[in-house]
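First the structure, in the form of C-alpha cells, and then the observations on it.
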Amino acid sequence: MVPESNSSVIPQADHLTVFFASQTGNAESISRNIHEQAQERGFKSGHYVLNDHAKVDWEKEECLVFVVSTTGDGDPPDNSTKFWRHLRKLKGTGLTKAKYAILGLGDTNYDNFCQTAKRLDTKLQELGASPFYPRGLADDATGLEETVDPWIKNLWPALAHQVISAPTIHDLPQPHLTAEETKIVKEIIEHEHQKTALSPTLKSSAATNAIVKGSNAQPPSAPPVGSLTRSMDALSVTPPTAPPAPATGNTIRIDFSSMANHSNLTALPRVPNANLKITQLETTSTAGSSRRIVPSFIQSPTPLFSAKINSVQCLTPDDALKRTLLVEFGFDDDVEYAPGDSFGIWAPNDESLVRGVLATLGVKDEDLNKLVKLEGEGIPSHLQTVHSASLLDIFRYAVDLTTSTKKANIRLFADHATDLAEKQKLMFMSSKQGTELFNDLRAQSPTLLDILHTFSSVKIPVVRVIETLPPLQPRYYSITSSPMAKNGHHRWSCAFNVVQFELPVGVKRRGVCTPWLDDLSGKVSYGKPVTTGLSNIRVPMFIKPNETKFNLPVDTTKPVIMIGPGTGVAPFMGFLEHRAEQRKIKKRLVNIGSGSRQHLDDLFGEMWLFFGCRHRDRDWLFRQQMEEYQSDGVLTQLHLAVSREEDVPNSGKYVQDLIRRESKKVWDLLHEKGALIYVCGDAKGMARSVHDELVAVLVEHGGYEKMAAIMELNKWAQDKRYLRDLWA
Ligand SMILES: Cc1cc2nc3c(=O)[nH]c(=O)nc-3n(C[C@H](O)[C@H](O)[C@H](O)COP(=O)(O)O)c2cc1C
C-alpha cells in the first residue's frame with residue numbers, strides 16, 4: 001500500500017481518494033457526501049472503506065481524505081481493523097508524497113475523544129505524509145454538523161490550493177471551485193507571497209489557518225466526566241411544595257418559502273440509532289421524586305458535596321445591563337482549594353420546562369414519579385448509570401433540554417411527524433439544502449419544548465427523546481475567595497451574571513444554573529448581602545479538577561498581571577484576598593511594625609489588575625474591595641477601563657486599550673521581574689484582543705518578530721506563565 005519512495009512530484013490536481021472507517025454509519029455517509037461533492041467539482045474521486053485500502057494504488061493517489069469515527073473505549077471501527085494491522089507493520093517514511101486531511105467523529109462524553117482520528121494523524125506523519133488541512137474533530141455530543149459542515153466547506157479551497165502546481169491564480173483547477181472559493185484561494189496565495197520571509201513550515205501553516213479561520217474545526221472542550229462520585233444518599237432537601245405549571249413552549253419563526261425551490265434533498269443525516277430500552281420498575285419514588293439532593297445516577301469528576309447558601313448579594317443596580325450576584329456557600333466539613341480554582345454546580349433543568357416537555361410527550365402525571373431503568377447496548381455513558389430513577393429526575397438532571405439541536409435530531413423528529421407538511425419542513429431543515437433555515441432555527445436557541453410546540457404533529461416516544469438529547473452538564477464558576485481568610489475552609493464565594501435575555505423575536509431565554517440559583521435565593525435586590533430565608537437551600541457541587549493551574553505562583557515574590565473585565569475578575573478577587581492574608585501573616589511573623597510597608601512590599605511581587613466595566617456606578621464590581629486593596633498596598637496597580645462613559649480620567653474603553661497604554665511598563669514587569677499573566681473572561685472578543693496586545697508588547701519592546709512573539713507566548717502558556725481561564 002505505501003510506496004517506499006521519496007519523490008517530490010506534485011500530487012495530481014484532479015485526483016482525490018476518500019476513505020472512511022465507521023461503526024454505525026455516520027462517517028460513511030459524511031465521507032460519501034465529500035466524495036459526491038468532489039465529483040460534482042470535477043475531481044476524479046474514489047470512495048473506500050479503510051479495510052479496502054489495498055484497492056487503491058497509494059503511489060498514484062496522493063491526495064487523501066479520511067473520515068473516521070471512534071467506537072468502544074477509544075477503538076477504531078470494525079471496518080478498519082485490517083487497515084490498522086497493516087499500518088502497524090509499516091516503518092520508515094515511505095509516505096512523503098501523500099497529502100492528507102482527517103475528519104474525526106467522536107463524542108466528548110467518552111474518555112478517548114476522537115482517538116482514531118488522532119492516532120491516524122500521528123501515524124501518517126510518522127510515515128512521512130503531511131496534512132494539507134487542519135484536522136477536524138466533530139463532537140456527537142453537541143452535533144456533528146457544527147464541525148463537519150464548515151470543515152467540508154473549507155476543504156475545497158484548501159484542496160485546490162494544495163494541488164496546484166504553480167502558485168498563480170491562473171493555474172488553479174478552476175472548475176473545482178466556486179467563485180467565492182477561488183477568491184479565498186487567491187487571498188491565501190497573495191498572503192503567502194507577502195510572507196516570503198517566513199520559513200516553509202510557517203508558510204503552509206499560515207495558509208491552512210487562514211483557510212479554516214472561523215470554522216470551528218475543534219470541538220469545545222468538555223468537562224471531564226469519569227469516575228463515579230460517592231452517593232448523595234445522606235443529603236436531603238425540602239421537596240418543593242407545589243410543582244410549577246408545565247411550560248407550553250414558544251413558536252419558532254422560520255420562513256419556509258424558499259423550500260419550494262428544492263425538489264432534491266441531499267446529505268440527510270442518519271437517524272440516530274434506537275438502542276435504549278426503558279423498563280418500568282415495581283417501586284414508585286416518594287416525595288415528588290427523591291429526597292436526595294441529586295439523583296444517584298449523576299456522575300461527577302470529583303466527589304460531590306452539598307453546600308448551604310450563607311449569603312447572596314446583588315452587585316448591580318436595576319439599570320445595569322446585567323444582573324450580577326455574589327453568592328457565598330457554606331460547608332459543614334473542611335474543603336480543600338486554592339484561589340483560582342473553580343467548582344461545578346449540578347443544577348436541574350427548569351422545573352416548568354421539564355414538566356412541559358413530559359406533558360407534551362404524553363407522560364401522564366401519575367407516571368412522572370414511577371421508577372424506571374435505562375439499558376441497552378452502546379447507549380451514551382450518562383444514561384448507563386440510570387438504574388432506578390423517575391422520568392422527572394431523568395428530565396431534570398440527565399438530559400439537556402436547552403442547548404442547540406442537531407440536524408440528526410430534526411431528521412428524527414421528521415420521522416415522527418404525523419402531518420405531511422411538518423414532516424417535509426423538518427426533513428428540509430435537516431438536509432444540505434435546508435441549512436440556512438436550520439441555522440435560522442438554531443439562532444432562536446429553541447428548547448426541546450419549543451420544537452415540539454412548533455411542530456406539534458411530532459409524536460415521538462419518550463425513550464427516543466432521552467437517547468438523543470445531549471447530557472446535561474454541570475456549570476463551572478471561579479472561586480472569588482481565599483481559604484486563608486477567616487473560616488475560609490468552610491466557605492467560598494462566586495460571582496456570576498444571571499443568564500437571561502430576550503431574542504429579537506420577543507422570546508425570553510434563560511440559562512440553566514444562574515437563574516435557578518437566583519430563583520432559589522429569592523431574587524434579592526441590589527444592596528447589602530442577604531442572609532435570611534436561605535436555610536433550606538442545598539446546592540450540589542464539586543471541585544473542578546484543576547488542569548490549567550490557574551493559581552497564584554508558589555514564589556510569592558513573582559509579580560502577577562491579572563486581566564479580567566466583568567465577572568472575569570472573580571478569581572482575582574480570590575488572589576487579592578489570599579495575598580492580603582499572606583501579607584498579614586508575614587507582618588505578624590517578622591514583626592513589621594506600622595510604617596514599614598515598603599519592607600512588606602519588598603517581600604511580595606507586584607499585583608496589577610486590568611478590570612473593565614460599562615459604567616462605574618452600575619457594574620464596577622467589587623469597587624470598594626479593589627480600592628481598599630489598593631490603599632493597603634496589596635493591589636499595586638489598578639487599571640480601569642470604562643466602555644460606555646465618555647471622558648473618564650486615566651481610562652480607556654477596554655482592558656486591551658489599557659495594556660497598550662501601559663505596554664512599556666508591562667514589558668518591564670515581564671522581562672525584568674518574570675511576571676506571570678492571567679486572563680479570565682470571554683474567550684472570543686476579550687481574550688483574543690488581549691492576546692494580540694500582548695503580542696504587540698513583545699514586538700514593540702522586546703524586539704521580537706510577530707511570529708516569534710506568538711511562539712514565545714505559546715511557550716509561556718506551556719510553562720504556565722501565561723494562564724487563561726476563558727468561557728465562550
Ligand atoms: C458504543 C459506542 C462507543 C463510542 N466510543 C467512543 C469513544 O471512545 N470516543 C469517542 O470520541 N467517541 C465514541 N463514540 C461516539 C462515536 O464516535 C460517534 O457517535 C460517531 O458519530 C459515530 O460515527 P460512526 O457512525 O461513523 O461510527 C462511541 C459511540 C458508541 C455508540
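So you can find residues: chains in the C-alpha cells are A, B, ... in the order shown, residues in each start at 1, and ligands are numbered from 1 in order.
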Enumerate as an mmCIF file with C-alpha atoms, in the first residue's frame the residues within 7 Å of ligand 1, counting only C-alpha atoms and all ligand atoms.
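Below you can see selection.cif, which holds the result:
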data_model
loop_
_atom_site.group_PDB
_atom_site.id
_atom_site.type_symbol
_atom_site.label_atom_id
_atom_site.label_comp_id
_atom_site.auth_asym_id
_atom_site.auth_seq_id
_atom_site.Cartn_x
_atom_site.Cartn_y
_atom_site.Cartn_z
ATOM 1 C CA ALA A 21 -13.994 3.992 8.990
ATOM 2 C CA SER A 22 -17.432 3.855 10.511
ATOM 3 C CA GLN A 23 -19.192 1.769 13.118
ATOM 4 C CA THR A 24 -22.758 2.993 12.896
ATOM 5 C CA GLY A 25 -22.770 4.786 9.550
ATOM 6 C CA ASN A 26 -22.074 8.476 10.303
ATOM 7 C CA ALA A 27 -18.535 8.564 8.929
ATOM 8 C CA GLU A 28 -19.628 6.517 5.961
ATOM 9 C CA VAL A 68 -13.032 8.151 10.795
ATOM 10 C CA SER A 69 -15.105 7.624 13.904
ATOM 11 C CA THR A 70 -14.134 6.154 17.270
ATOM 12 C CA THR A 71 -16.004 3.384 18.993
ATOM 13 C CA GLY A 72 -15.827 1.151 22.089
ATOM 14 C CA ASP A 73 -13.349 2.615 24.514
ATOM 15 C CA GLY A 74 -11.339 4.733 22.086
ATOM 16 C CA ASP A 75 -11.152 1.957 19.472
ATOM 17 C CA PRO A 77 -14.377 0.908 13.942
ATOM 18 C CA LEU A 105 -16.063 11.838 14.574
ATOM 19 C CA GLY A 106 -16.442 11.221 18.273
ATOM 20 C CA ASP A 107 -18.311 12.120 21.367
ATOM 21 C CA THR A 108 -16.902 14.106 24.285
ATOM 22 C CA TYR A 110 -16.379 9.307 26.119
ATOM 23 C CA ASP A 111 -12.928 9.487 27.675
ATOM 24 C CA ASN A 112 -10.943 8.981 24.465
ATOM 25 C CA PHE A 113 -12.452 11.657 22.281
ATOM 26 C CA CYS A 114 -11.783 11.033 18.572
ATOM 27 C CA GLN A 115 -8.935 8.673 19.388
ATOM 28 C CA ASP A 140 -21.675 13.994 18.511
ATOM 29 C CA LEU A 144 -21.526 16.669 14.339
ATOM 30 C CA GLY A 378 -23.808 1.100 23.400
ATOM 31 C CA ILE A 379 -26.034 3.735 24.981
ATOM 32 C CA PRO A 380 -24.287 7.006 25.929
#
Excluding A:Leu124 and residues on its chain fewer than 6 positions from it, collect all residues at most 9 Å away from it, counting only C-alpha atoms, and give them as a ChimeraX atom specification. /A:95,98,100,130-131
Write the residues of the selection above to a file with C-alpha atoms, as a compact mmCIF listing (two decimals), in the first residue's frame.
# COMPACT_ATOMS: atom_id res chain seq x y z
CA LEU A 95 4.52 8.31 2.55
CA ALA A 98 1.00 11.87 0.39
CA TYR A 100 -3.96 14.22 3.67
CA SER A 130 1.82 15.72 5.61
CA PRO A 131 -1.57 17.24 6.35
What's around A:Asp318 at 10 Å? Count only C-alpha atoms, leave out sequence neighbours fewer than 3 positions away in its own chain, and write the answer as a PyMOL selection string. chain A and resi 314-315+321-323+525-526+618
Any chance you could tabulate, as a tab-separated table, the residues of stretch 703-722 of chain A at most 12 Å from stretch 552-570 of chain A with each one's nearest atom pair and distance in Å to one decimal, using only C-alpha atoms, in chain and rising number order?
residue	atom	partner	partner_atom	distance
A:Asp719	CA	A:Pro553	CA	11.9
A:Lys720	CA	A:Pro553	CA	9.4
A:Arg721	CA	A:Pro553	CA	8.9
A:Tyr722	CA	A:Ile561	CA	9.5
Output file for the selection above: N, CA and C atoms, as a short mmCIF file (atom, residue, chain, number, x, y, z; two decimals), in the first residue's frame:
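Final file, part06.cif:
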data_model
loop_
_atom_site.label_atom_id
_atom_site.label_comp_id
_atom_site.auth_asym_id
_atom_site.auth_seq_id
_atom_site.Cartn_x
_atom_site.Cartn_y
_atom_site.Cartn_z
N ASP A 719 4.51 26.78 29.78
CA ASP A 719 5.26 26.85 31.05
C ASP A 719 4.40 27.35 32.21
N LYS A 720 3.10 27.56 31.96
CA LYS A 720 2.16 28.07 32.98
C LYS A 720 2.58 29.45 33.50
N ARG A 721 3.08 30.24 32.58
CA ARG A 721 3.42 31.61 32.94
C ARG A 721 2.38 32.57 32.34
N TYR A 722 1.67 32.10 31.34
CA TYR A 722 0.59 32.86 30.70
C TYR A 722 -0.64 31.96 30.82
#
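Nearest-residue note for A:Trp620: choosing from A:Pro446, A:Pro348, A:Pro339, A:Pro317, the minimum distance belongs to A:Pro317, counting only C-alpha atoms.
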Distance query A:Arg355 at most 12 Å, only C-alpha atoms, self and fewer than 2 positions along chain excluded, as JSON, numbers by chain: {"A": [243, 244, 245, 246, 247, 248, 249, 349, 350, 351, 352, 353, 357, 358, 359, 360, 361, 362, 363, 364, 365, 367, 368, 369, 391, 392, 393, 394, 395, 396, 401, 448, 449]}
Using DSSP assignments from the backbone, pull out every residue in stretch 555-704 of chain A that falls under alpha helix (DSSP H) and give it to me as a PyMOL selection string. chain A and resi 570-589+597-603+616-619+623-632+655-661+663-673+685-702
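You will find atom CA of A:Gly434 at 23.4 Å from atom CA of A:Val507.
Taking atom CA of A:Arg583 and atom CA of A:Glu672 as endpoints, the distance between them is 23.2 Å.
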Contact residues around A:Phe428 with only C-alpha atoms at 10 Å, ignoring same-chain residues under 4 positions, as a PyMOL selection string: chain A and resi 256+259+262-266+268+410-411+414+422-424+432-435+437-438
Using only C-alpha atoms, which protein or nucleic acid residues come within 12 Å of stretch 650-658 of chain A? Drop anything in the same chain fewer than 5 positions from it, and give the result as a PyMOL selection string. chain A and resi 562-566+568-569+608-616+637-645+663-666+679-681+685-697
I'd like the neighbourhood of A:Met573 as a PDB file with C-alpha atoms, in the first residue's frame, where a residue qualifies if any of its atoms comes within 9 Å (using only C-alpha atoms), though same-chain residues fewer than 3 positions away should be ignored.
ATOM      1  CA  PRO A 339      -7.506  30.706  44.957  1.00  0.00           C
ATOM      2  CA  ILE A 479     -13.934  30.872  43.453  1.00  0.00           C
ATOM      3  CA  THR A 480     -13.630  34.530  44.468  1.00  0.00           C
ATOM      4  CA  SER A 481     -12.349  33.947  47.977  1.00  0.00           C
ATOM      5  CA  SER A 482      -9.293  32.600  49.778  1.00  0.00           C
ATOM      6  CA  VAL A 569     -12.398  39.445  37.798  1.00  0.00           C
ATOM      7  CA  ALA A 570     -13.841  36.714  40.059  1.00  0.00           C
ATOM      8  CA  LEU A 576      -6.138  39.507  46.240  1.00  0.00           C
ATOM      9  CA  GLU A 577      -7.828  38.225  49.383  1.00  0.00           C
ATOM     10  CA  HIS A 578      -5.206  35.493  49.596  1.00  0.00           C
ATOM     11  CA  PHE A 622     -16.012  44.832  43.897  1.00  0.00           C
ATOM     12  CA  GLN A 625     -12.660  45.956  47.886  1.00  0.00           C
ATOM     13  CA  MET A 626     -10.406  46.951  44.988  1.00  0.00           C
TER      14      MET A 626
END
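You can rank A:Leu426, A:Met484, A:Gln299, A:Glu366 by their closest distance to A:Pro269 using only C-alpha atoms, and at the top of that list sits A:Leu426.
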Quick one, how far is atom CA of A:Asn273 from atom CA of A:Leu452? 20.3 Å
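When only C-alpha atoms are used to compute distances to A:Glu606, the closest of the residues A:Lys153, A:Lys684, A:Lys673, A:Lys586 turns out to be A:Lys673.
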